[in-house]
file upload-v7.txt (compact mmCIF, C-alpha atoms)
# COMPACT_ATOMS: atom_id res chain seq x y z
CA MET A 167 101.36 50.02 5.70
CA THR A 168 103.69 47.97 7.86
CA PRO A 169 106.18 50.29 9.59
CA ARG A 170 109.79 49.82 8.47
CA LEU A 171 111.59 48.19 11.40
CA PHE A 172 113.31 45.09 10.02
CA PRO A 173 110.59 44.09 7.68
CA THR A 174 109.38 46.04 5.02
CA ALA A 175 112.75 45.77 4.11
CA VAL A 176 111.02 42.54 5.31
CA LEU A 177 108.76 42.67 2.45
CA VAL A 178 111.29 44.12 0.04
CA LEU A 179 112.71 40.62 -0.04
CA LEU A 180 109.42 38.89 0.55
CA LEU A 181 107.83 40.78 -2.31
CA ALA A 182 110.92 41.21 -4.43
CA GLY A 183 108.96 40.68 -7.61
CA CYS A 184 106.66 43.63 -7.02
CA ALA A 185 108.78 46.11 -8.97
CA THR A 186 109.03 43.91 -12.04
CA ARG A 187 106.80 43.16 -14.99
CA PRO A 188 104.61 41.18 -15.40
CA PRO A 189 102.57 42.02 -12.29
CA PRO A 190 103.53 40.06 -9.17
CA PRO A 191 101.74 36.82 -8.32
CA ASP A 192 98.60 37.11 -6.24
CA TRP A 193 100.21 35.41 -3.26
CA GLN A 194 102.69 38.28 -2.86
CA MET A 195 100.02 40.96 -2.74
CA ASP A 196 97.74 38.85 -0.54
CA ALA A 197 100.57 38.14 1.90
CA ARG A 198 101.62 41.77 2.15
CA ALA A 199 98.09 43.09 2.67
CA ALA A 200 97.32 40.46 5.29
CA LEU A 201 100.61 40.99 7.13
CA ASP A 202 100.15 44.76 7.13
CA GLY A 203 96.71 44.24 8.63
CA ALA A 204 97.99 41.83 11.26
CA VAL A 205 100.68 44.24 12.43
CA GLN A 206 98.32 47.21 12.66
CA ALA A 207 95.66 45.18 14.46
CA GLN A 208 98.27 43.91 16.91
CA LEU A 209 99.39 47.45 17.71
CA THR A 210 95.87 48.80 18.14
CA GLY A 211 94.92 45.90 20.38
CA ASN A 212 92.46 44.11 18.08
CA LEU A 213 93.98 40.67 18.57
CA ARG A 214 91.16 38.74 16.93
CA VAL A 215 91.65 40.70 13.72
CA ALA A 216 95.43 40.30 14.03
CA GLU A 217 95.11 36.53 14.20
CA ALA A 218 92.65 36.39 11.31
CA ASP A 219 94.91 38.53 9.11
CA MET A 220 97.94 36.50 10.08
CA ALA A 221 96.12 33.30 9.15
CA ARG A 222 95.53 34.79 5.70
CA ALA A 223 99.21 35.71 5.38
CA ARG A 224 100.28 32.21 6.42
CA SER A 225 97.94 30.65 3.89
CA ALA A 226 99.26 32.83 1.06
CA LEU A 227 102.88 32.11 1.94
CA ALA A 228 102.35 28.39 2.46
CA ALA A 229 101.31 28.15 -1.19
CA THR A 230 104.95 28.85 -2.14
CA GLY A 231 106.32 25.87 -0.23
CA ARG A 232 109.10 28.16 1.09
CA PRO A 233 109.26 27.96 4.90
CA GLY A 234 111.86 30.74 5.04
CA LEU A 235 109.26 33.23 3.80
CA LEU A 236 106.80 32.10 6.44
CA ALA A 237 109.49 32.40 9.11
CA ARG A 238 110.12 35.98 8.02
CA ALA A 239 106.42 36.84 8.18
CA GLU A 240 106.22 35.41 11.70
CA LEU A 241 109.19 37.58 12.60
CA VAL A 242 107.35 40.68 11.39
CA LEU A 243 104.43 39.99 13.72
CA CYS A 244 106.85 39.02 16.47
CA ALA A 245 108.41 42.49 16.28
CA ALA A 246 105.01 44.13 16.76
CA ARG A 247 104.39 41.93 19.78
CA VAL A 248 107.80 42.69 21.27
CA ALA A 249 107.05 46.40 20.80
CA SER A 250 104.00 45.80 23.00
CA LEU A 251 106.14 43.98 25.61
CA ASP A 252 104.62 40.63 24.73
CA LEU A 253 107.87 38.76 25.38
CA ASP A 254 106.80 35.13 25.17
CA GLY A 255 109.63 34.19 22.81
CA CYS A 256 107.54 34.20 19.62
CA PRO A 257 107.10 30.42 19.35
CA ALA A 258 105.51 30.66 15.89
CA TYR A 259 108.76 32.08 14.53
CA PHE A 260 111.04 29.72 16.39
CA ALA A 261 109.12 26.71 15.12
CA LEU A 262 110.36 27.77 11.66
CA ALA A 263 113.74 29.22 12.63
CA ARG A 264 115.76 26.38 11.13
CA ASP A 265 114.65 27.58 7.69
CA ALA A 266 115.24 31.28 8.40
CA GLY A 267 118.08 33.10 6.68
CA PRO A 268 121.08 34.58 8.53
CA ALA A 269 119.64 38.12 8.57
CA ASP A 270 116.35 36.87 9.99
CA ARG A 271 118.15 34.92 12.70
CA ALA A 272 120.21 37.96 13.59
CA TYR A 273 117.08 40.09 13.85
CA ALA A 274 115.38 37.48 16.04
CA ALA A 275 118.39 37.55 18.36
CA TYR A 276 118.18 41.35 18.45
CA LEU A 277 114.47 41.29 19.30
CA PHE A 278 115.18 39.41 22.50
CA GLY A 279 118.28 41.35 23.48
CA ASN A 280 120.68 38.59 22.48
CA ALA A 281 122.37 39.99 19.36
CA GLY A 282 126.09 39.33 19.34
CA PRO A 283 128.89 41.09 17.44
CA ASP A 284 128.45 38.79 14.46
CA ASP A 285 124.75 39.66 14.25
CA VAL A 286 125.14 43.44 14.08
CA PRO A 287 126.32 43.69 10.44
CA LEU A 288 123.30 41.62 9.39
CA LEU A 289 120.81 44.00 11.02
CA PRO A 290 119.26 46.99 9.26
CA ALA A 291 121.50 50.00 9.84
CA GLN A 292 118.96 51.81 12.00
CA HIS A 293 119.31 49.11 14.69
CA HIS A 294 123.11 49.13 14.87
CA GLY A 295 123.35 51.79 17.58
CA VAL A 296 121.12 49.99 20.07
CA ALA A 297 122.60 46.59 19.18
CA LEU A 298 126.06 48.02 19.91
CA GLY A 299 124.94 49.27 23.32
CA ARG A 300 124.28 52.94 22.62
CA THR A 301 121.14 53.60 24.65
CA THR A 302 120.76 57.14 23.35
CA ALA A 303 120.36 55.81 19.80
CA ILE A 304 116.66 55.11 20.37
CA SER A 305 115.56 58.74 20.08
CA ALA A 306 117.29 59.06 16.69
CA LEU A 307 115.40 56.19 15.09
CA PRO A 308 113.12 57.63 12.38
CA ASP A 309 110.72 54.69 12.32
CA PRO A 310 108.27 54.63 15.26
CA LEU A 311 107.88 50.87 15.50
CA ALA A 312 111.64 50.39 15.36
CA ARG A 313 111.83 52.87 18.26
CA LEU A 314 109.48 50.72 20.36
CA VAL A 315 111.35 47.55 19.46
CA ALA A 316 114.63 49.21 20.46
CA ALA A 317 113.14 50.22 23.82
CA ALA A 318 112.01 46.63 24.37
CA VAL A 319 115.53 45.42 23.56
CA LEU A 320 116.99 47.83 26.10
CA LEU A 321 114.46 46.67 28.69
CA GLN A 322 115.40 43.02 28.21
CA GLN A 323 119.07 43.93 28.57
CA GLY A 324 118.43 45.90 31.76
CA ARG A 325 119.56 49.12 30.09
CA LEU A 326 116.27 51.01 29.69
CA ASP A 327 116.55 54.45 31.29
CA PRO A 328 113.72 56.91 32.06
CA ALA A 329 114.43 58.95 28.92
CA ALA A 330 114.13 55.90 26.65
CA LEU A 331 110.99 54.82 28.50
CA ALA A 332 109.47 58.25 27.89
CA VAL A 333 110.35 57.97 24.19
CA ALA A 334 108.53 54.64 24.01
CA VAL A 335 105.43 56.00 25.76
CA GLU A 336 105.14 59.08 23.60
CA THR A 337 105.87 57.15 20.39
CA ALA A 338 103.00 54.75 21.08
CA SER A 339 100.75 57.63 22.12
CA ALA A 340 101.47 59.71 19.02
CA HIS A 341 100.43 56.83 16.74
CA GLY A 342 97.40 55.72 18.72
CA TRP A 343 98.91 52.27 19.30
CA ARG A 344 96.83 51.26 22.31
CA ARG A 345 98.46 47.93 23.11
CA PRO A 346 102.09 49.12 23.40
CA LEU A 347 100.95 52.38 24.98
CA LEU A 348 99.30 50.59 27.89
CA ALA A 349 102.31 48.31 28.33
CA TRP A 350 104.83 51.16 28.41
CA LEU A 351 102.63 53.36 30.58
CA GLY A 352 102.39 50.47 33.03
CA LEU A 353 106.18 50.38 33.30
CA GLN A 354 106.33 54.14 33.68
CA ARG A 355 103.72 54.08 36.44
CA LYS A 356 105.57 51.33 38.31
CA ALA A 357 108.80 53.34 38.13
CA ALA A 358 107.04 56.41 39.52
CA GLU A 359 105.56 54.42 42.39
CA GLN A 360 108.93 52.87 43.23
CA ALA A 361 110.45 56.35 43.30
CA GLY A 362 107.74 57.55 45.70
CA GLN A 363 106.27 59.89 43.07
CA GLN A 364 102.63 59.21 43.79
CA GLU A 365 101.28 62.29 42.04
CA GLU A 366 103.11 61.28 38.85
CA ALA A 367 101.92 57.68 39.23
CA ASP A 368 98.34 58.91 39.53
CA ARG A 369 98.72 61.04 36.41
CA ILE A 370 99.98 58.03 34.48
CA ARG A 371 97.11 55.92 35.81
CA ARG A 372 94.65 58.47 34.40
CA ARG A 373 96.30 58.13 31.01
CA MET A 374 96.00 54.35 31.24
CA ASP A 375 92.34 54.57 32.21
CA LEU A 376 91.65 56.76 29.21
CA ALA A 377 93.50 54.48 26.80
CA ALA A 378 92.07 51.22 28.13
CA PRO A 379 89.65 49.38 25.77
CA ARG A 380 85.99 49.97 26.50
call {"tool": "encode", "arguments": {"input": "upload-v7.txt", "output": "structure tokens"}}
result
Amino acid sequence: MTPRLFPTAVLVLLLAGCATRPPPPDWQMDARAALDGAVQAQLTGNLRVAEADMARARSALAATGRPGLLARAELVLCAARVASLDLDGCPAYFALARDAGPADRAYAAYLFGNAGPDDVPLLPAQHHGVALGRTTAISALPDPLARLVAAAVLLQQGRLDPAALAVAVETASAHGWRRPLLAWLGLQRKAAEQAGQQEEADRIRRRMDLAAPR
């Protein structure tokens, strides 16, 4: 299932009809399954599968004629990419941003370290600490993907400290999320080299070699 960072509250709204009777329309179930698959494939580094699943999600959501729903789905995948330090600005989301709701826009600002005071009340509560500048809040986040997103936010703001970096590395490692793991280990290795800690840098390199796709 998609980890609960912003979205699946994402999909609480996206799939709001799921708890009602009669059963929800097929597009809702198809969109959720495809988006779940896209997020997991993104995190494990299977980008071809991620794109194929995301294409299925887009197709299901396009059938509604509601661009705001598609913008939200793009934001879900964007969060998984940001967690992997893929910080290209998520153009697929921003192409639809004019139709996004206020909460989605606030979350997009948060993803790229630009959330302002007016955005914070619109964010899920678990993100308030980091959005308000409390760097220690990352370790208290119960959701692992939200933890990685928070670390990426701190990095973009120039506030990522070694403890938060270690949290990001071990979070990705514990869940077998190869793509973010390699990205965060790369940062950790660079920091060790810059500090003249060559033995530590070599240890991190061995971890990266082990985790690298074969």
call {"tool": "residues_around", "arguments": {"input": "upload-v7.txt", "residues": "Ala332 (chain A)", "least_positions_apart": "3", "cutoff": "10 Å", "atoms": "only C-alpha atoms", "output": "compact mmCIF listing (two decimals) with C-alpha atoms, in the coordinates of the input"}}
result
# COMPACT_ATOMS: atom_id res chain seq x y z
CA SER A 305 115.56 58.74 20.08
CA ALA A 317 113.14 50.22 23.82
CA ASP A 327 116.55 54.45 31.29
CA PRO A 328 113.72 56.91 32.06
CA ALA A 329 114.43 58.95 28.92
CA VAL A 335 105.43 56.00 25.76
CA GLU A 336 105.14 59.08 23.60
CA THR A 337 105.87 57.15 20.39
CA TRP A 350 104.83 51.16 28.41
CA LEU A 351 102.63 53.36 30.58
CA GLN A 354 106.33 54.14 33.68
call {"tool": "axis_aligned_box", "arguments": {"input": "upload-v7.txt", "around": "region 232-244 of chain A", "padding_each_side": "4 Å", "output": "lines of an AutoDock Vina configuration file"}}
result
center_x = 108.1
center_y = 34.3
center_z = 8.8
size_x = 15.4
size_y = 20.7
size_z = 23.4
call {"tool": "closest_atom_pairs", "arguments": {"input": "upload-v7.txt", "of": "region 302-363 of chain A", "to": "region 184-206 of chain A", "cutoff": "12 Å", "atoms": "all atoms listed in the file", "output": "tab-separated table"}}
result
residue	atom	partner	partner_atom	distance
A:Leu311	CA	A:Val205	CA	10.3
A:His341	CA	A:Gln206	CA	10.7
A:Gly342	CA	A:Gln206	CA	10.5
A:Trp343	CA	A:Gln206	CA	8.4
A:Arg344	CA	A:Gln206	CA	10.6
A:Arg345	CA	A:Gln206	CA	10.5
A:Pro346	CA	A:Gln206	CA	11.5
call {"tool": "write_last_selection", "arguments": {"input": "upload-v7.txt", "atoms": "C-alpha atoms", "output": "PDB file, in the frame of the given file"}}
result
ATOM      1  CA  LEU A 311     107.880  50.870  15.500  1.00  0.00           C
ATOM      2  CA  HIS A 341     100.430  56.830  16.740  1.00  0.00           C
ATOM      3  CA  GLY A 342      97.400  55.720  18.720  1.00  0.00           C
ATOM      4  CA  TRP A 343      98.910  52.270  19.300  1.00  0.00           C
ATOM      5  CA  ARG A 344      96.830  51.260  22.310  1.00  0.00           C
ATOM      6  CA  ARG A 345      98.460  47.930  23.110  1.00  0.00           C
ATOM      7  CA  PRO A 346     102.090  49.120  23.400  1.00  0.00           C
TER       8      PRO A 346
END
call {"tool": "residues_near_point", "arguments": {"input": "upload-v7.txt", "point": "(103.1, 33.6, 4.4)", "cutoff": "10 Å", "atoms": "all atoms listed in the file", "output": "PyMOL selection string"}}
result
chain A and resi 180+193-194+196-198+200-201+220-240
call {"tool": "closest_residue", "arguments": {"input": "upload-v7.txt", "among": "A:Ala216, A:Val319, A:Leu348, A:Leu353", "to": "Arg300 (chain A)", "atoms": "only C-alpha atoms"}}
result
A:Val319
call {"tool": "atom_distance", "arguments": {"input": "upload-v7.txt", "atom1": "CA of Ala245 (chain A)", "atom2": "CA of Arg264 (chain A)"}}
result
18.4 Å
call {"tool": "residues_near_point", "arguments": {"input": "upload-v7.txt", "point": "(114.7, 41.9, 22.9)", "cutoff": "8 Å", "atoms": "only C-alpha atoms", "output": "VMD selection string"}}
result
chain A and resid 248 253 275 to 280 315 to 316 318 to 323
call {"tool": "atom_distance", "arguments": {"input": "upload-v7.txt", "atom1": "CA of Glu217 (chain A)", "atom2": "CA of Ala258 (chain A)"}}
result
12.1 Å
call {"tool": "atom_distance", "arguments": {"input": "upload-v7.txt", "atom1": "CA of Glu366 (chain A)", "atom2": "CA of Gly299 (chain A)"}}
result
29.4 Å
call {"tool": "closest_residue", "arguments": {"input": "upload-v7.txt", "among": "A:Leu307, A:Ala274, A:Val215, A:Ala207", "to": "Leu241 (chain A)", "atoms": "all atoms listed in the file"}}
result
A:Ala274
call {"tool": "closest_residue", "arguments": {"input": "upload-v7.txt", "among": "A:Asp254, A:Glu359, A:Asp285, A:Asp368", "to": "Pro268 (chain A)", "atoms": "all atoms listed in the file"}}
result
A:Asp285
call {"tool": "closest_residue", "arguments": {"input": "upload-v7.txt", "among": "A:Gly211, A:Ala303, A:Pro257, A:Ala297", "to": "Pro283 (chain A)", "atoms": "all atoms listed in the file"}}
result
A:Ala297
